[in-house]
Every structure is written in structure tokens, then in C-alpha cells.
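This is structure-v6.txt. It holds compact mmCIF, C-alpha atoms.
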# COMPACT_ATOMS: atom_id res chain seq x y z
CA MET A 1 -3.64 4.84 25.36
CA ASP A 2 -0.64 6.89 24.35
CA ARG A 3 -0.20 8.10 20.85
CA GLU A 4 0.26 5.98 17.75
CA LEU A 5 1.01 7.25 14.26
CA PHE A 6 -0.22 5.88 10.92
CA SER A 7 0.23 7.89 7.78
CA ILE A 8 1.18 8.23 4.13
CA VAL A 9 3.48 11.15 3.35
CA ARG A 10 4.63 12.76 0.12
CA GLY A 11 8.33 12.41 -0.48
CA PRO A 12 10.86 10.74 1.81
CA VAL A 13 9.87 9.84 5.37
CA ASP A 14 11.63 11.85 8.05
CA PRO A 15 12.48 9.19 10.67
CA ARG A 16 12.22 11.82 13.40
CA CYS A 17 8.44 11.41 13.09
CA LEU A 18 8.88 8.15 15.03
CA GLU A 19 9.80 10.13 18.15
CA ALA A 20 6.04 10.64 18.61
CA LEU A 21 5.98 7.09 19.94
CA ALA A 22 8.16 7.72 23.00
CA SER A 23 6.48 7.37 26.39
CA ASP A 24 7.59 7.04 30.01
CA ALA A 25 5.95 3.65 30.43
CA GLN A 26 7.66 1.77 27.63
CA GLY A 27 11.35 0.96 27.82
CA GLY A 28 11.94 -0.59 24.43
CA ILE A 29 11.46 1.06 21.05
CA VAL A 30 12.48 -0.90 17.96
CA THR A 31 12.60 0.98 14.65
CA PHE A 32 12.85 -0.24 11.09
CA LEU A 33 13.67 2.04 8.15
CA GLY A 34 13.20 0.84 4.59
CA VAL A 35 15.69 2.71 2.39
CA VAL A 36 15.86 2.93 -1.43
CA ARG A 37 18.73 0.72 -2.65
CA ASN A 38 20.90 1.33 -5.70
CA ARG A 39 20.41 -2.23 -7.04
CA SER A 40 17.35 -4.29 -7.87
CA ASP A 41 17.02 -7.88 -6.74
CA ASP A 42 18.14 -8.97 -10.21
CA GLY A 43 21.23 -6.76 -10.10
CA ARG A 44 20.16 -3.77 -12.23
CA ALA A 45 21.36 -0.28 -11.32
CA VAL A 46 18.45 1.60 -9.72
CA VAL A 47 18.32 5.39 -9.66
CA GLY A 48 15.11 5.68 -7.63
CA LEU A 49 11.67 4.35 -6.80
CA SER A 50 8.20 5.76 -7.42
CA TYR A 51 5.51 4.80 -4.92
CA GLU A 52 1.78 5.17 -5.05
CA ALA A 53 -0.89 4.16 -2.54
CA TYR A 54 -4.63 3.74 -2.18
CA GLU A 55 -4.21 6.13 0.66
CA ALA A 56 -7.17 5.91 3.05
CA PRO A 57 -7.38 2.09 2.82
CA ALA A 58 -3.60 1.88 3.26
CA VAL A 59 -3.75 3.86 6.50
CA ARG A 60 -6.66 1.70 7.68
CA GLU A 61 -4.53 -1.38 6.94
CA PHE A 62 -1.72 0.07 9.07
CA GLU A 63 -4.22 0.47 11.94
CA THR A 64 -5.47 -3.08 11.48
CA ILE A 65 -1.92 -4.44 11.52
CA ALA A 66 -1.23 -2.53 14.73
CA GLY A 67 -4.33 -4.02 16.33
CA GLU A 68 -3.18 -7.51 15.34
CA ALA A 69 0.26 -6.81 16.81
CA ARG A 70 -1.37 -5.86 20.12
CA ALA A 71 -3.41 -9.07 20.09
CA ARG A 72 -0.28 -11.13 19.46
CA PHE A 73 2.40 -9.38 21.48
CA GLY A 74 0.55 -7.55 24.27
CA GLU A 75 0.88 -3.89 25.15
CA VAL A 76 2.72 -2.52 22.15
CA ARG A 77 2.22 0.74 20.32
CA LEU A 78 3.15 1.24 16.68
CA ALA A 79 4.06 3.98 14.28
CA ILE A 80 3.88 3.17 10.56
CA VAL A 81 4.67 5.88 7.99
CA HIS A 82 5.07 5.20 4.26
CA ALA A 83 6.16 7.54 1.48
CA VAL A 84 4.50 8.09 -1.90
CA GLY A 85 5.97 9.89 -4.91
CA GLU A 86 9.45 9.91 -6.35
CA LEU A 87 12.28 8.79 -4.07
CA ASP A 88 15.99 8.85 -4.80
CA VAL A 89 18.50 6.22 -3.71
CA GLY A 90 19.12 6.60 0.02
CA ALA A 91 15.69 8.04 0.80
CA VAL A 92 13.55 6.48 3.53
CA ALA A 93 10.49 4.87 1.94
CA VAL A 94 8.95 3.40 5.08
CA ALA A 95 9.48 3.82 8.81
CA VAL A 96 8.05 1.48 11.43
CA ALA A 97 8.51 1.71 15.17
CA ALA A 98 7.16 -0.49 17.95
CA ALA A 99 7.23 0.53 21.60
CA ALA A 100 6.73 -1.93 24.45
CA GLU A 101 7.60 -2.23 28.11
CA HIS A 102 10.43 -4.62 27.25
CA ARG A 103 12.44 -5.24 24.09
CA SER A 104 11.16 -8.67 23.14
CA ALA A 105 7.61 -7.58 22.33
CA ALA A 106 8.93 -4.47 20.58
CA PHE A 107 11.16 -6.52 18.25
CA ASP A 108 8.37 -8.99 17.52
CA ALA A 109 5.79 -6.27 16.82
CA CYS A 110 8.12 -4.25 14.58
CA ARG A 111 8.96 -7.32 12.51
CA TYR A 112 5.30 -8.31 12.28
CA ALA A 113 4.25 -4.83 11.17
CA ILE A 114 6.76 -4.44 8.34
CA ASP A 115 6.19 -8.00 7.11
CA GLU A 116 2.41 -7.55 7.02
CA LEU A 117 2.67 -4.09 5.45
CA LYS A 118 4.72 -5.52 2.60
CA ARG A 119 2.32 -8.43 2.18
CA ARG A 120 -0.99 -6.58 2.11
CA ALA A 121 -0.97 -2.77 2.33
CA PRO A 122 -2.32 -1.25 -0.94
CA ILE A 123 0.96 0.40 -1.93
CA TRP A 124 2.90 -0.06 -5.17
CA LYS A 125 6.44 0.71 -6.29
CA LYS A 126 8.09 1.21 -9.62
CA GLU A 127 11.84 0.79 -9.98
CA ARG A 128 13.52 3.40 -12.16
CA TYR A 129 16.74 2.17 -13.77
CA ALA A 130 19.82 3.90 -15.09
CA GLY A 131 19.03 4.47 -18.77
CA GLY A 132 15.46 5.57 -18.24
CA GLU A 133 13.56 2.27 -18.16
CA SER A 134 11.22 1.50 -15.29
CA ARG A 135 9.18 -1.44 -14.01
CA TRP A 136 6.47 -2.09 -11.40
CA LYS A 137 7.71 -4.51 -8.74
CA SER A 138 5.40 -6.52 -6.54
CA ASN A 139 6.28 -8.26 -3.29
CA GLU A 140 4.79 -11.56 -4.44
CA MET B 141 -25.75 4.24 -13.43
CA ASN B 142 -22.17 5.38 -13.06
CA VAL B 143 -19.35 4.10 -10.89
CA ARG B 144 -16.03 5.72 -10.20
CA VAL B 145 -13.03 3.55 -11.11
CA VAL B 146 -9.68 4.12 -9.49
CA ALA B 147 -6.66 2.07 -10.48
CA PHE B 148 -3.08 1.81 -9.38
CA ALA B 149 0.36 1.00 -10.73
CA SER B 150 0.41 -1.09 -13.93
CA VAL B 151 -3.39 -1.13 -14.15
CA ARG B 152 -3.63 2.65 -13.78
CA GLU B 153 -1.26 3.01 -16.72
CA ILE B 154 -3.53 0.82 -18.87
CA LEU B 155 -6.62 2.86 -17.95
CA GLU B 156 -4.81 6.04 -19.02
CA SER B 157 -6.57 8.11 -16.37
CA SER B 158 -7.63 7.44 -12.80
CA PRO B 159 -10.18 8.14 -11.43
CA ARG B 160 -12.51 7.66 -14.38
CA SER B 161 -16.27 7.24 -14.65
CA LEU B 162 -17.77 4.01 -16.00
CA ALA B 163 -21.40 3.75 -17.17
CA LEU B 164 -23.10 0.42 -16.37
CA PRO B 165 -26.65 -0.97 -16.51
CA ARG B 166 -28.53 -0.56 -13.24
CA GLY B 167 -27.88 -3.53 -10.92
CA ALA B 168 -24.63 -4.52 -12.62
CA ARG B 169 -22.16 -6.66 -10.68
CA VAL B 170 -18.44 -6.18 -10.24
CA GLY B 171 -17.73 -8.81 -12.91
CA GLU B 172 -19.71 -6.82 -15.47
CA ALA B 173 -17.75 -3.71 -14.60
CA TRP B 174 -14.49 -5.60 -15.16
CA SER B 175 -15.74 -6.99 -18.49
CA ALA B 176 -16.75 -3.51 -19.63
CA LEU B 177 -13.29 -2.24 -18.75
CA GLU B 178 -11.66 -5.12 -20.64
CA ARG B 179 -13.64 -4.18 -23.74
CA LEU B 180 -12.41 -0.60 -23.43
CA PHE B 181 -8.84 -1.59 -22.53
CA PRO B 182 -7.97 -5.06 -23.89
CA ALA B 183 -4.56 -4.97 -22.20
CA LEU B 184 -6.43 -5.49 -18.91
CA CYS B 185 -7.07 -9.13 -19.84
CA ALA B 186 -3.53 -10.07 -18.85
CA HIS B 187 -4.27 -8.83 -15.32
CA ARG B 188 -7.58 -10.65 -14.82
CA THR B 189 -6.25 -13.28 -12.45
CA SER B 190 -3.93 -11.05 -10.44
CA VAL B 191 -6.04 -7.93 -9.81
CA ARG B 192 -8.22 -7.71 -6.72
CA ILE B 193 -11.17 -5.35 -6.74
CA ALA B 194 -12.38 -3.24 -3.84
CA ARG B 195 -15.84 -1.69 -3.67
CA ASN B 196 -15.86 1.45 -1.53
CA GLY B 197 -12.58 0.38 0.09
CA ARG B 198 -13.45 -3.27 0.81
CA ILE B 199 -12.26 -6.26 -1.27
CA VAL B 200 -15.23 -7.95 -2.98
CA SER B 201 -15.94 -10.81 -5.37
CA LEU B 202 -17.04 -10.46 -8.98
CA GLU B 203 -20.57 -11.37 -7.84
CA GLU B 204 -21.01 -8.26 -5.69
CA SER B 205 -23.77 -5.94 -6.91
CA LEU B 206 -22.96 -2.30 -7.55
CA LEU B 207 -24.88 0.87 -6.82
CA ASP B 208 -24.77 4.21 -8.56
CA GLY B 209 -21.88 6.28 -7.21
CA ASP B 210 -19.81 3.36 -5.93
CA GLU B 211 -16.04 3.52 -6.06
CA LEU B 212 -14.32 0.50 -7.58
CA ALA B 213 -10.59 0.19 -6.98
CA LEU B 214 -8.45 -2.07 -9.17
CA LEU B 215 -5.57 -3.38 -7.09
CA PRO B 216 -2.66 -5.24 -8.71
CA PRO B 217 -0.26 -7.24 -6.50
CA VAL B 218 1.16 -4.87 -3.91
CA GLY B 219 4.77 -3.72 -3.57
CA GLY B 220 5.02 -1.52 -0.49
CA GLY B 221 8.04 -1.24 1.77

When written as C-alpha cells, how does the structure in this file appear?
Amino acid sequence: MDRELFSIVRGPVDPRCLEALASDAQGGIVTFLGVVRNRSDDGRAVVGLSYEAYEAPAVREFETIAGEARARFGEVRLAIVHAVGELDVGAVAVAVAAAAEHRSAAFDACRYAIDELKRRAPIWKKERYAGGESRWKSNE
Amino acid sequence: MNVRVVAFASVREILESSPRSLALPRGARVGEAWSALERLFPALCAHRTSVRIARNGRIVSLEESLLDGDELALLPPVGGG
């Protein structure tokens, strides 16, 4: 099988890392970038996010999710890269790419991977607000 | 025996340092480790129903027996992405 990529990186994700997924046999690559927003869901001004991860189990979870995507959507390959540490507004916190022979499986696999990552990967984020306050935010 | 406790996010802040070593009677189960931590850090009680616990990287129940040198990870609800 061609290359896949699963990792945790310090600081913002460089989306160019997803280029590792390109291959001659697969004509569709769907990418998703999760970017730090300047507002929380409840409308507070956000200046940045701090992420931490249980790193080795998180990477294993990425691999498991990719295996599930293959079982569901056929021959797809995935790249999943998540940041830890302090991120400013506009920084890329997570990058997911799915490559498949045709676009449909690539869209489905990319959506599945980011949804499952958010639901179960052992990664945590703290919102930092203008004024210095901060709060841990879960996806539940 | 001693186990290594690692904690994340809100729970890490309660434990003040992570990783930390926790001394337990030989043959102790995960539930006894949690109770010992609650005695040391009463603020943990509020997290009892939401935290999952992994032993050596695998989610386990409070009934799981521990061995000397195990790593216990305290995992609050996740927030990746």
C-alpha cells in the first residue's frame, strides 16, 4: 500500500504535509483543515487554543479510524495530523486528507475521519479568551 | 507497588503534576487507585462520572487489577479537532 500519515505535531499543522498522500492511482483527494476561530460557540472573543494529547494512543486511534474508513468506503488512504501546544487564531489545528480512486469515497472517508477524531481521539483543547480567562472545551 | 498516573486537561490541572507516582497495596484495582487519588485531590470527585481510565493505553473498568509499574491515564471528555 502507498503511504499514509498519522501524527501529532507541536505547533500549527503545515497543510503541505498532506501532499505525502498523493499517488498516481488515486484521482480524488479530499482535505479538511480545522482552523482556530476568533469566537467560541457561545460568542466569546477567542485569542487562541491550547491543545494537549495522550500522544501514542491518539496516533493509534488515528490508525484505527483509517482502518475503519477502509472497511466502510473501500480503497482509501488517509492522512491525519493534529497539533498540540499553543495555537493562535488562524492556525491549523488539524489536517485530514483522504485519497481514493474517485471522489465519492474520498469525501465520505474524510468526513468519517474528522468526525470520529473529534468524538474519540484522546486530545483536549482549552479556549483562551480576550482578558486572560481560559476554559477546557469538550466535544460532548 | 507503584503505578504511574498521567492525566490530561482539567484533571491534569487538579493533580498539579503529571506524570506522578501513586503507591498502592499489591493487587489493587483501578477503582482503588481512583479512590486514593480522590483522597489526595478532593476536586477529582466532580469528575468521577465523566473521566475514563486507561491502563497501559487501553480503556478499562474500575474492576481491573493493577500491577507494579502500570501506567494509568485519566481521560476527561475529549475535545480534539

Provide as a ChimeraX atom specification the residues of chain B at most 7 Å from chain A, counting all atoms listed in the file. /B:149-150,197,217-221

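In this structure, atom CA of Pro182 of chain B sits 16.2 Å away from atom CA of Val145 of chain B.
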
Distance criterion (all atoms listed in the file): nearest to Leu215 of chain B out of B:Val170, B:Val151, B:Met141, B:Glu203: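 Smallest distance to Leu215 of chain B is found for B:Val151.
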
Just the residues within 10 Å of Ile199 of chain B, please, counting only C-alpha atoms, with nothing from its chain fewer than 6 positions along; format it as a ChimeraX atom specification. /B:192-193,212-215

Figure out the distance between atom CA of Val200 of chain B and atom CA of Gly67 of chain A, please, to one decimal in Å. 22.5 Å

Around all listed atoms of segment 155-168 of chain B, padded 6 Å per side, what centre and edge lengths does the axis-aligned box have in Å to one decimal, as AutoDock Vina command-line options?
--center_x -16.7 --center_y 1.8 --center_z -15.0 --size_x 35.7 --size_y 24.7 --size_z 20.1

For a quick check of understanding, using all atoms listed in the file, which of B:Ala173, B:Glu156, B:Pro216, B:Arg198 has the smallest distance to Ala186 of chain B?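 Checking each candidate against Ala186 of chain B, we get B:Pro216 as the closest.
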